[in-house]
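Inspection log for the structure reproduced underneath, given as structure tokens.
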Amino acid sequence: MEDLRNSSLKFFTDQELCYADIVPPSQVRARIEVSVLSFLKILNASNPAISDLPLIQRKSSNSRVNHGLLTELSYVFLSNSVSTRSLMRPNAAKAFVRVWKVMEMCYQILLQEKRVTQRELFYKLLCHSQHLFPSQKDVNRTIQDLVALLRCSRYSLGIMASSRGIIAGRLILQEPGKEAVDCSVCGSSGHAISGDLNLLDKLILNADARYIIIVEKHAIFQRLAEDRFFNQIPSILITAKGYPDIATRFLLHRISRAFPDLPILALVDWNPAGLAILCTFKFGSVGMGLESYRYACNVKWLGLRGHDLPMLPDQSFVPLKTKDLQIAQSLMSSRILPENYKEEVTLMVESGRRAEIEALYFHGYDYLGKYIAKKIVQSDYI
Amino acid sequence: MEFSSSQKLCLHLISSAYQRCRLSEQICRLSVILTRSSSSSPSLRISISDTGIGSSLEEFQNLRVSFTNAADNWDGMLSIKTTSINDSEIHNYQINLKESGSSRITSLTSDSKNGAKFSGSEVCLSSFVNSDLLLAEIHSLLEKVLILNIPNVAIQLVSEDFDVPESRYEKVFLANTCKQLPISASSLELLKFGLGDYVLKHGNNLSIKCNSCFTSWEDLKVGVACCTENRLHTELVMEAVIVISNMSIQNTTCFREYGDKTEVLYFKDFSPCAMSQSSMKALKSIDWKRYGLHLGGIVELDGTALLEWENLPTDTHIDIVLHSYLKQYPMVIPTPRKMSQLERSIVKRAVKLSLDDLKANHSGDFLSSRALQIRNYAPDLAQSIAGLILSSSDLDFQRECFSLLGLQSQDVGTEIMENSIKEKIVSVIETNDKDPDKSKEIAPFLFEEDDHIHEPDVEFQESDFTYLDPDLDMF
Amino acid sequence: MEFSSSQKLCLHLISSAYQRCRLSEQICRLSVILTRSSSSSPSLRISISDTGIGSSLEEFQNLRVSFTNAADNWDGMLSIKTTSINDSEIHNYQINLKESGSSRITSLTSDSKNGAKFSGSEVCLSSFVNSDLLLAEIHSLLEKVLILNIPNVAIQLVSEDFDVPESRYEKVFLANTCKQLPISASSLELLKFGLGDYVLKHGNNLSIKCNSCFTSWEDLKVGVACCTENRLHTELVMEAVIVISNMSIQNTTCFREYGDKTEVLYFKDFSPCAMSQSSMKALKSIDWKRYGLHLGGIVELDGTALLEWENLPTDTHIDIVLHSYLKQYPMVIPTPRKMSQLERSIVKRAVKLSLDDLKANHSGDFLSSRALQIRNYAPDLAQSIAGLILSSSDLDFQRECFSLLGLQSQDVGTEIMENSIKEKIVSVIETNDKDPDKSKEIAPFLFEEDDHIHEPDVEFQESDFTYLDPDLDMF
Amino acid sequence: MKLKLEEEDSGKMEGKRKKLESKKSENGILLLDKIKVFTRSLLVNLTNRKSPIILIDRFKNHCTLSDSNCFCGSDLPVGKEVLTLCKETHVRRLDVMLRVLVIVQKLLQENKHSSKRDIYYMHPSVFLDQSVVDHAINDICVLMQCSRHNLNVVSAGNGLVMGWIRFVEGKKIFDCISSPDTAHPIPVYVEEIKDIVSAARYILVVEKESVFQRLANDQFCKSNHCIVISGRGYPDIPTRRFLRLLVENLHIPAYCLVDCDPYGFDILTTYRFGSMQMAYDTKHLRVPEIHWLGAFPSDSERYFVPKQCLLPLTAEDKRKIEAMLLRCYLQREVPQWRLELKMMLQKGVKFEIEALSVHTLSFLTESYIPSKIHGKVQI
Ligand SMILES: [Mg+2]
Ligand SMILES: [Mg+2]
């Protein structure tokens with residue numbers, strides 16, 4: 001399996017797949033130094049010039065879809081079409097300088113072997129170059145630019161990541177040299193997933209689960225964890241409390257690589273956003289830029305799905321909102337979305353309604369567990 | 001040519017005399033003498049004499065008068081003496097401009113030159129015009145003519161009232177003498193220094209240099225250009241000179257007639273002249289912003305074009321002179337419509353070229369607003385790069401950077417390094433700006449990776465981020 | 001009392017005769033005989049005779065006539081025979097109502113009673129009025145009077161035309177005979193059954209019972225009330241009866257004169273009477289909604305008050321009768337202003353009380369819209385309470401609850417329990433609604449400290465804390 | 001009902017645990033009994049054809065009276081609401097309350113927990129809005145004289161903790177001491193916390209996660225022997241209960257570091273005085289011992305916060321400050337806080353904690369916090 005994936009990865013490397021690495025600070029510093037040298041060289045050449053910054057475009061037009069040939073794994077990735085940050089175009093000059101400013105900040109942070117939050121970075125930049133960074137948004141975007149330039153993850157740049165993810169169930173995590181954490185005795189609050197990707201990378205994983213279940217919502221996760229659902233069906237529960245962050249996806253990916261036979265099943269709301277969350281786990285998203293594709297997992301859609309609707313009470317349906325329709329629209333236009341998923345989206349749009357997982361509580365709190373168990377037993381997932 | 005007053009006729013006659021001097025290759029003298037006497041009638045006698053190439057009768061053939069001012073009841077009589085270098089006698093004519101047909105010219109008996117070799121003309125008329133006003137106008141004309149800086153003509157202006165003892169006024173107008181120009185100097189060269197002198201005299205209202213405002217010629221920023229156009233068997237020449245001067249406004253007692261507006265001095269065939277509409281349009285159509293200038297508008301005042309500037313520093317003044325002439329003399333004038341097209345394109349070209357010249361001579365100045373905008377980022381960029389270099393703990397890296405920057409010792413401070421980088425960046429920006437076409441070329445990439453598909457000019461539209469668009473800032 | 005026509009005078013005289021019968025404790029007869037003959041003039045002779053207590057001259061003293069109708073040229077003469085039980089003779093008088101002062105009454109010779117013990121009166125007059133119209137009016141009056149249901153008076157109405165053979169019309173009006181009321185029945189009781197009968201006859205346009213529309217008296221919903229007011233040495237009594245009937249509209253051929261509007265039958269001192277403005281206002285001011293009724297408005301039509309209802313089911317009809325009288329007879333009438341105030345308050349009270357009575361007798365009906373709304377929650381509340389009991393793991397507790405609910409076995413299902421609780425809740429809600437003042441007494445805000453929180457519903461208005469919402473945890 | 005936990009040696013631990021568990025079920029039984037009493041009294045009233053009368057105390061944690069004669073500090077109810085079957089709004093409230101109560105009874109009997117959101121989804125069409133459920137839960141707590149967690153209604157914990165502490169929640173060991181600069185989620189079932197072991201010198205409460213992360217990254221706890229807690233904005237109930245539990249058991253000072261803006265201040269008061277919405281339970285949730293460590297409006301000068309990091313107060317900010325200035329407890333209990341708040345209004349600017357460390361990343365950990373704590377610059 002591993003080999004197959006690698007080979008397919010290599011195959012796609014030829015197809016101009018671009019990505020950001022998790023790299024050690026020294027290497028990030030080296031990349032920055034190379035940038036400086038390169039800049040100076042071109043500036044100092046016989047025909048001096050100010051070099052443009054080639055950034056991988058973070059637009060859907062530059063996204064490519066890999067439909068797994070040998071595995072079921074599909075993912076979204078960014079191709080190597082670049083957009084340039086050029087000093088010489090007045091409307092791009094600011095963005096150009098911003099990249100260098102942030103690069104300088106990150107370089108110094110890496111030297112100090114520290115990490116900063118994006119907010120701290122904003123304040124530092126606000127203080128030193130207010131005219132360049134009037135808002136947090138400018139900082140955030142420039143960080144993305146820098147990721148796209150240096151091809152290393154945000155985390156590698158010394159920017160602190162927090163994770164909203166939690167995990168529970170039949171999984172034992174062990175940091176080398178530390179006491180193991182048994183996620184089955186973490187109670188309903190589960191075990192918080194660290195934002196430190198290096199740490200996650202080092203974790204030693206042990207599991208006797210048969211399934212991995214992704215839950216969209218914290219509350220549902222809590223219910224299942226409190227009910228110790230993972231003992232009924234040996235499983236690992238994971239939630240990112242909405243759209244997944246990198247760390248959650250990273251850990252999920254690690255678990256799925258470590259235990260490749262575990263089906264990954266997702267329980268999300270029956271609305272476009274729910275599906276979008278599932279898809280972010282499954283394929284990655286263009287918005288996550290170069291860090292996206294690497295953690296694609298073969299997630300299956302357990303529920304809620306169209307054929308579950310008859311058992312939901314009528315009053316639990318809410319009309320779709322404009323935002324829902326927008327998400328539905330972009331889902332439908334996505335090249336990666338499988339046909340049977342598209343059918344569900346069509347059903348949502350046509351019915352004009354949405355329903356949340358909690359609607360299952362209509363049949364009592366314990367119904368949720370039964371519902372999942374039944375679906376698993378019947379292999380009712382797509 | 002039709003004149004609406006005897007003053008205007010006078011100014012034309014002076015211009016013609018000047019032309020005759022210019023065409024002569026000898027040092028010439030042009031005298032304009034106004035003599036007033038209450039005993040005679042009309043009271044003012046005007047004599048315009050020159051030692052130029054001698055005039056032909058054709059010059060006067062086309063002159064017409066249509067006086068509208070009742071007080072200007074001149075009899076229309078011109079008396080002309082003229083002789084060419086090869087003539088053996090001095091011809092005398094009397095022309096009645098108020099008549100037409102063959103009767104208007106009366107040949108009088110010629111005077112013998114007694115074998116002497118000389119040429120020259122004298123045109124006299126008597127008029128009722130106010131001598132003071134006429135004097136002022138002639139004065140202004142001659143001052144402008146001086147800008148052309150033709151070296152072989154000395155002009156003498158004399159005004160005298162016989163009834164008033166010691167009322168004689170005399171002024172000599174000589175081409176710029178403080179500069180040792182070579183004899184072979186081109187007319188553009190001459191014009192350049194002529195305008196420079198004019199500027200140093202504050203041009204439009206002082207006839208003497210004011211040493212308190214400008215210390216030297218070298219403080220002026222000058223751009224010149226000459227365009228030619230070969231059309232209809234003649235060559236049209238357009239010379240343009242632009243002078244930018246700085247005059248500290250605080251301690252000056254000198255004021256310009258048009259304030260901070262620019263009077264465009266316009267010459268046609270070596271005479272001061274009102275600007276044509278097509279030339280005005282040409283000025284309007286120039287992309288001044290490319291040179292960091294912001295033209296507010298063009299005002300026309302008594303045939304004078306005034307350019308109004310926006311955002312011009314208060315102590316900066318711009319002077320522009322344009323001179324168009326046909327190489328052949330006398331000229332074959334193209335049809336007016338053709339001429340106007342021609343003028344428009346040639347004025348535009350000449351002014352642009354002179355601006356380019358100005359920019360080239362004064363690097364860092366007259367940058368386009370675009371370049372200025374970009375240049376503003378240079379300190380920030382330099383600071384960041386210097387910061388990156390100096391904060392590095394990798395000595396090899398630092399050494400390499402130092403050597404790239406041509407800095408000797410590693411002990412140079414942040415400031416020196418920043419300045420060095422900044423200068424380089426600025427220089428690239430400025431070079432780029434001088435040659436606007438060059439900037440359109442694709443700049444080299446920081447990392448050359450040839451598998452990239454370049455998609456220029458798409459930045460900043462990161463709106464269509466994704467199909468999912470989660471709240472990306474999860475960190 | 002002034003009358004504008006002889007008809008009206010007649011009706012008054014009949015009312016007076018009826019009063020005399022009522023006050024007698026014997027079974028009495030009241031005969032109204034209209035006799036028409038073209039041979040005599042005036043053509044119509046009206047005789048009103050009764051076996052009541054005998055009249056006093058004061059009754060006639062205050063009668064005035066001011067006829068406006070020219071055709072009604074009655075001579076104003078009344079002839080009266082009357083005797084009381086203790087009188088030994090029958091007095092005869094002649095009264096000319098058109099006169100005033102002492103001359104109006106003429107005492108005629110009395111007739112002897114020959115020792116017989118009886119009482120009674122006969123009033124006669126002759127008039128030109130149309131006998132048919134008069135007959136109809138008297139008919140209507142007597143029918144209304146019948147509603148009062150005074151048991152000891154039998155009324156006979158006879159009309160005859162001597163010129164037409166077999167033209168005699170005769171009708172006897174007897175108080176409700178189908179009901180076996182005790183002799184001691186109060187006048188309110190009598191009125192109640194009187195109105196009931198009236199309703200069963202569809203009241204206002206049929207004099208016989210229609211058995212197809214109503215099957216029995218028991219289908220009627222009746223509310224009665226009697227208020228008294230002691231004022232000015234007399235006691236004012238107001239009796240009110242409300243009858244709500246359902247008449248299936250589909251198969252009925254009977255139509256009411258006023259459709260689905262309610263004619264408020266108004267009696268004053270045992271005579272039908274037009275409603276006063278103050279009584280009308282009183283009706284308007286009643287909070288009908290408290291009884292689930294929605295008064296649309298009150299229309300006055302020929303002295304009759306018509307209540308218009310909104311949202312009244314089509315087959316439902318409301319009949320109201322009001323009867324006010326003074327206990328003492330003859331009456332001491334309070335001043336009109338006092339009277340109007342008095343009337344207003346007493347009408348309101350009487351009607352409200354009768355509505356309360358109606359509601360009390362028919363639990364579940366006539367609930368206020370508020371209570372109806374509240375009652376909608378009963379199933380939910382019952383379900384929750386049943387849920388609390390049935391889901392409890394404490395068997396003792398469950399047993400206790402069962403016994404409280406009067407349920408025998410624990411095996412009763414959820415539904416039975418829910419129904420049982422629901423019924424109780426409904427009953428409490430209905431009881432609460434019956435006595436609206438009671439609910440107000442127990443539901444004030446019991447502030448223990450007179451702290452300054454007087455906003456009534458603070459709990460839902462913590463608007464200035466909404467943004468704060470520290471307990472955001474939605475999950 | 002209040003849990004009182006103390007450090008005890010391991011010998012007594014087992015007994016203690018049993019006691020705790022029994023206490024917990026005791027509490028459940030007590031509450032179930034109360035529910036039964038309530039249900040019974042409803043039935044008795046109904047069978048007697050009387051409208052049940054439900055008295056609900058009303059609480060306020062502050063008022064806006066200028067004179068200080070209010071009783072807001074006394075924890076006593078300020079009045080009662082009387083619910084009967086006579087008013088539709090009352091019946092509606094009762095309906096919601098009973099529905100929630102049925103759920104609560106089930107939760108207690110099965111010893112399960114549920115979130116307010118879960119409860120909402122049991123009858124979404126009846127409740128219509130989450131706030132209705134929240135309100136009913138508050139009503140039930142007031143009626144049953146208990147805290148929300150006693151009902152087994154919990155919120156998803158949002159809080160974080162790190163530092164010199166070790167405790168057990170249920171079977172899970174929170175061994176923060178072993179890596180004092182790693183964040184742990186604050187457990188939701190605070191009542192199940194036992195075996196608290198700590199050698200911390202103080203507790204530092206920070207408003208937001210980013211500051212928490214800064215401290216973690218700077219290994220603040222390791223070098224300062226403290227416990228750091230963040231409620232990530234307005235603190236939720238578990239966070240406040242957890243903080244209170246620590247303060248009560250460890251007897252160490254607690255300091256609060258918030259942004260110098262109206263929201264920061266409001267968060268500070270929420271820690272110290274509780275929120276208006278949970279006023280009925282304030283006595284279990286507030287932490288009167290907490291000190292305000294910063295950032296004070298006066299800090300902007302003392303620590304040279306650059307001008308561009310000082311943002312002008314918006315109109316809404318000013319309105320909020322003016323409203324907060326009226327809160328009675330400020331004048332009564334922390335007049336110095338009030339003075340600082342007043343100064344914020346006067347200066348017309350606000351700043352975030354991050355603004356302090358623009359000069360040096362580790363300014364907070366190396367200078368600001370230690371100097372404030374050791375220099376006793378807290379109020
Ligand atoms: Mg959702
Ligand atoms: Mg804040």
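The way I read the labels, and the way they are meant: chains A, B, ... in the order of the structure tokens, residue 1 as the first residue of every chain, and ligand 1 as the first ligand shown, with later ones counted on from there.
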| Within 7 Å of ligand 2, counting only C-alpha atoms and all ligand atoms: which residues, as a list in words? |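 My answer, listing the contacting residues, is Glu207, Lys208, Gly233, Val258, Asp259, Asp261, Tyr263, Gly264 and Glu352 of chain D.
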| request: Identify, on the basis of only C-alpha atoms, every residue whose closest approach to region 135-147 of chain A does not exceed 6 Å; exclude the query and any residue fewer than 5 positions from it along the same chain; express the result as a list in words. | output: Val99, Phe122, Cys152 and Ser153 of chain A
| task | Counting only C-alpha atoms and all ligand atoms, name the residues that have an atom within 9 Å of an atom of ligand 1; the answer should be given as a VMD selection string. | result | chain A and resid 216 to 217 242 268 to 275 277 355 to 357
Would you write out those residues with N, CA and C atoms, as a PDB file, in the first residue's frame?
```pdb
ATOM      1  N   GLU A 216     -18.114  15.861  12.679  1.00  0.00           N
ATOM      2  CA  GLU A 216     -18.038  17.294  12.382  1.00  0.00           C
ATOM      3  C   GLU A 216     -18.061  18.116  13.658  1.00  0.00           C
ATOM      4  N   LYS A 217     -18.913  17.701  14.598  1.00  0.00           N
ATOM      5  CA  LYS A 217     -19.199  18.599  15.707  1.00  0.00           C
ATOM      6  C   LYS A 217     -18.655  18.093  17.035  1.00  0.00           C
ATOM      7  N   GLY A 242     -15.405  21.423  13.243  1.00  0.00           N
ATOM      8  CA  GLY A 242     -15.667  22.196  12.033  1.00  0.00           C
ATOM      9  C   GLY A 242     -14.639  21.864  10.972  1.00  0.00           C
ATOM     10  N   VAL A 268     -21.292  13.893   9.350  1.00  0.00           N
ATOM     11  CA  VAL A 268     -21.404  15.354   9.223  1.00  0.00           C
ATOM     12  C   VAL A 268     -22.867  15.732   9.056  1.00  0.00           C
ATOM     13  N   ASP A 269     -23.126  17.007   9.242  1.00  0.00           N
ATOM     14  CA  ASP A 269     -24.470  17.535   9.010  1.00  0.00           C
ATOM     15  C   ASP A 269     -24.868  17.305   7.569  1.00  0.00           C
ATOM     16  N   TRP A 270     -26.160  17.214   7.376  1.00  0.00           N
ATOM     17  CA  TRP A 270     -26.632  17.102   5.996  1.00  0.00           C
ATOM     18  C   TRP A 270     -26.848  18.501   5.446  1.00  0.00           C
ATOM     19  N   ASN A 271     -25.754  19.125   5.117  1.00  0.00           N
ATOM     20  CA  ASN A 271     -25.809  20.428   4.457  1.00  0.00           C
ATOM     21  C   ASN A 271     -24.498  20.597   3.697  1.00  0.00           C
ATOM     22  N   PRO A 272     -24.451  21.558   2.786  1.00  0.00           N
ATOM     23  CA  PRO A 272     -23.234  21.696   1.964  1.00  0.00           C
ATOM     24  C   PRO A 272     -21.979  21.897   2.812  1.00  0.00           C
ATOM     25  N   ALA A 273     -22.103  22.637   3.908  1.00  0.00           N
ATOM     26  CA  ALA A 273     -20.917  22.880   4.729  1.00  0.00           C
ATOM     27  C   ALA A 273     -20.417  21.572   5.331  1.00  0.00           C
ATOM     28  N   GLY A 274     -21.341  20.732   5.734  1.00  0.00           N
ATOM     29  CA  GLY A 274     -20.963  19.444   6.297  1.00  0.00           C
ATOM     30  C   GLY A 274     -20.161  18.635   5.286  1.00  0.00           C
ATOM     31  N   LEU A 275     -20.651  18.636   4.066  1.00  0.00           N
ATOM     32  CA  LEU A 275     -19.943  17.895   3.027  1.00  0.00           C
ATOM     33  C   LEU A 275     -18.590  18.538   2.734  1.00  0.00           C
ATOM     34  N   ILE A 277     -16.724  20.059   4.798  1.00  0.00           N
ATOM     35  CA  ILE A 277     -15.808  19.652   5.870  1.00  0.00           C
ATOM     36  C   ILE A 277     -15.274  18.252   5.588  1.00  0.00           C
ATOM     37  N   ALA A 355     -30.321  19.631   7.407  1.00  0.00           N
ATOM     38  CA  ALA A 355     -30.600  19.029   8.709  1.00  0.00           C
ATOM     39  C   ALA A 355     -29.278  18.793   9.421  1.00  0.00           C
ATOM     40  N   GLU A 356     -29.318  18.867  10.739  1.00  0.00           N
ATOM     41  CA  GLU A 356     -28.099  18.652  11.503  1.00  0.00           C
ATOM     42  C   GLU A 356     -28.103  17.255  12.133  1.00  0.00           C
ATOM     43  N   ILE A 357     -26.925  16.806  12.496  1.00  0.00           N
ATOM     44  CA  ILE A 357     -26.816  15.451  13.062  1.00  0.00           C
ATOM     45  C   ILE A 357     -27.696  15.307  14.292  1.00  0.00           C
TER      46      ILE A 357
END
```
| Non-local contacts of Ala350 (chain B) (8 Å; only C-alpha atoms; under 5 positions in same chain excluded) as an MDAnalysis selection string | chainID B and resid 225:227 238:240
Just the selected residues (N, CA, C and O atoms), exported as a PDB file, in the first residue's frame, please.
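File written: out.pdb
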```
ATOM      1  N   ALA B 225      15.972  69.179 -27.132  1.00  0.00           N
ATOM      2  CA  ALA B 225      15.716  68.205 -28.185  1.00  0.00           C
ATOM      3  C   ALA B 225      15.463  68.947 -29.479  1.00  0.00           C
ATOM      4  O   ALA B 225      15.001  70.086 -29.469  1.00  0.00           O
ATOM      5  N   CYS B 226      15.809  68.301 -30.562  1.00  0.00           N
ATOM      6  CA  CYS B 226      15.571  68.888 -31.869  1.00  0.00           C
ATOM      7  C   CYS B 226      14.976  67.810 -32.770  1.00  0.00           C
ATOM      8  O   CYS B 226      15.518  66.712 -32.892  1.00  0.00           O
ATOM      9  N   CYS B 227      13.842  68.110 -33.371  1.00  0.00           N
ATOM     10  CA  CYS B 227      13.231  67.151 -34.279  1.00  0.00           C
ATOM     11  C   CYS B 227      13.151  67.765 -35.659  1.00  0.00           C
ATOM     12  O   CYS B 227      12.943  68.966 -35.793  1.00  0.00           O
ATOM     13  N   MET B 238      12.020  71.485 -35.337  1.00  0.00           N
ATOM     14  CA  MET B 238      11.389  71.910 -34.083  1.00  0.00           C
ATOM     15  C   MET B 238      12.411  71.729 -32.988  1.00  0.00           C
ATOM     16  O   MET B 238      12.887  70.618 -32.743  1.00  0.00           O
ATOM     17  N   GLU B 239      12.780  72.827 -32.376  1.00  0.00           N
ATOM     18  CA  GLU B 239      13.702  72.764 -31.254  1.00  0.00           C
ATOM     19  C   GLU B 239      12.913  72.997 -29.973  1.00  0.00           C
ATOM     20  O   GLU B 239      12.005  73.826 -29.940  1.00  0.00           O
ATOM     21  N   ALA B 240      13.257  72.228 -28.933  1.00  0.00           N
ATOM     22  CA  ALA B 240      12.574  72.415 -27.651  1.00  0.00           C
ATOM     23  C   ALA B 240      13.615  72.431 -26.538  1.00  0.00           C
ATOM     24  O   ALA B 240      14.558  71.646 -26.556  1.00  0.00           O
TER      25      ALA B 240
END
```
| Option closest in space to Ile147 (chain B), from B:Glu58, B:Glu160, B:Glu25, B:Asp319 [counting only C-alpha atoms] |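 Ranked by minimum distance to Ile147 (chain B), first place goes to B:Asp319.
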| request: For chain C, work out the contacting residues on chain D at 8 Å, counting only C-alpha atoms, and write them as a ChimeraX atom specification. | output: /D:36,39-40,43-44,46-47,49-51,70,78-88,91-92,94-95,98-99,101-102,105-106,109,115-118,155-157,234-237,266,270,275-277
| query | Excluding same-chain residues fewer than 2 positions from Arg170 (chain A), what lies within 8 Å of it counting only C-alpha atoms, as a PyMOL selection string? | reply | chain A and resi 168+172+182-184+207-209+230-231+234-236
Can you write just those residues out, C-alpha atoms, as a PDB file, in the first residue's frame?
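Below you can see result_21.pdb, which holds the result:
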```
ATOM      1  CA  ALA A 168     -10.702   9.706  21.624  1.00  0.00           C
ATOM      2  CA  ILE A 172      -2.631   4.988  22.408  1.00  0.00           C
ATOM      3  CA  ASP A 182      -4.667   6.138  26.309  1.00  0.00           C
ATOM      4  CA  CYS A 183      -7.349   7.944  24.360  1.00  0.00           C
ATOM      5  CA  SER A 184     -10.003   5.555  25.563  1.00  0.00           C
ATOM      6  CA  ALA A 207      -4.458   1.074  18.163  1.00  0.00           C
ATOM      7  CA  ASP A 208      -6.831  -1.841  18.280  1.00  0.00           C
ATOM      8  CA  ALA A 209      -9.625  -0.017  16.538  1.00  0.00           C
ATOM      9  CA  PHE A 230     -15.607   3.300  20.709  1.00  0.00           C
ATOM     10  CA  ASN A 231     -15.994   0.283  22.945  1.00  0.00           C
ATOM     11  CA  PRO A 234     -13.814  -0.516  18.280  1.00  0.00           C
ATOM     12  CA  SER A 235     -12.999   2.812  16.802  1.00  0.00           C
ATOM     13  CA  ILE A 236     -11.097   6.055  16.995  1.00  0.00           C
TER      14      ILE A 236
END
```
| DSSP on the backbone: what in region 122-303 of chain D comes out alpha helix (DSSP H), as a ChimeraX atom specification? | /D:122,124-127,130-144,209-217,220-224,237-250,262-273,282-285,299-302
| request: Pick out each residue of region 60-123 of chain C that DSSP on the backbone tags as strand (DSSP E or B); I need them as a ChimeraX atom specification. | output: /C:64-65,77-83,89-96,105-112,120-123
| Proximal residues of chain D relative to chain A (only C-alpha atoms; 9 Å) as an MDAnalysis selection string | chainID D and resid 112:115 117:125 155:157 169:173 178 182:189 209:211 213:214 217:218 306:309 354:355 357:361
I need the residues from that last selection saved to file as a compact mmCIF listing (two decimals), in the first residue's frame (with C-alpha atoms), if you can.
```txt
# COMPACT_ATOMS: atom_id res chain seq x y z
CA LYS D 112 -25.25 10.73 31.41
CA HIS D 113 -24.36 14.20 30.37
CA SER D 114 -25.75 16.40 27.74
CA SER D 115 -25.09 19.79 26.27
CA ARG D 117 -27.46 22.15 22.30
CA ASP D 118 -28.31 18.48 22.56
CA ILE D 119 -31.30 19.35 24.67
CA TYR D 120 -32.39 21.91 22.15
CA TYR D 121 -32.38 19.30 19.45
CA MET D 122 -34.75 17.07 21.39
CA HIS D 123 -37.66 19.38 20.58
CA PRO D 124 -36.37 21.96 18.16
CA SER D 125 -39.81 22.97 16.98
CA SER D 155 -20.81 22.60 27.97
CA ALA D 156 -17.98 21.57 25.76
CA GLY D 157 -14.91 22.79 27.53
CA GLU D 169 -10.65 13.56 36.14
CA GLY D 170 -12.51 10.29 36.18
CA LYS D 171 -9.91 7.89 34.97
CA LYS D 172 -7.92 10.41 33.04
CA ILE D 173 -4.74 11.73 34.53
CA SER D 178 5.59 16.38 33.32
CA THR D 182 1.96 21.86 27.06
CA ALA D 183 -1.66 22.87 26.86
CA HIS D 184 -4.34 20.57 28.21
CA PRO D 185 -8.04 21.09 27.77
CA ILE D 186 -9.80 21.96 30.99
CA PRO D 187 -12.01 19.02 31.89
CA VAL D 188 -15.72 19.48 31.56
CA TYR D 189 -16.69 17.46 34.61
CA GLU D 209 -5.19 31.53 23.52
CA SER D 210 -2.50 33.42 21.63
CA VAL D 211 -1.06 34.75 24.87
CA GLN D 213 0.66 29.99 23.42
CA ARG D 214 3.23 32.70 23.86
CA ASN D 217 6.45 28.81 23.72
CA ASP D 218 8.53 30.80 26.16
CA PRO D 306 4.19 52.21 20.32
CA LYS D 307 1.54 54.63 19.19
CA GLN D 308 0.47 52.62 16.22
CA CYS D 309 -0.50 49.75 18.50
CA GLU D 354 0.46 41.50 22.17
CA ALA D 355 1.16 45.21 21.82
CA SER D 357 5.77 42.62 23.34
CA VAL D 358 6.43 44.33 20.04
CA HIS D 359 9.93 45.20 21.14
CA THR D 360 10.90 41.78 22.38
CA LEU D 361 8.98 38.61 21.82
```
| message | For a test of reading the model, state the distance in Å between CA of Asp261 (chain A) and CA of Arg210 (chain A), rounded to one decimal. | response | 8.1 Å
| Exercise: region 297-305 of chain A partners within 6 Å, only C-alpha atoms, chain neighbours under 2 positions left out, as a PyMOL selection string | chain A and resi 73+264-267+269-270+282+307-308+381-382
| message | So that I can see what lies close to Leu331 (chain A), please list as number ranges by chain the residues with an atom at most 12 Å from it, counting only C-alpha atoms and leaving out residues fewer than 3 positions away in the same chain. | response | A: 60, 271-280, 285, 324-328, 334-339, 341-346, 348-349; B: 466-469
| message | Would you pick out the contacts of His294 (chain C) at 6 Å or less, using only C-alpha atoms, so that residues sharing its chain but fewer than 6 positions from it are not included, and give the list as a list in words? | response | Trp288, Trp309 and Glu310 of chain C
| remark: Here CA of Phe283 (chain A) and CA of Tyr211 (chain A) stand apart by 19.1 Å
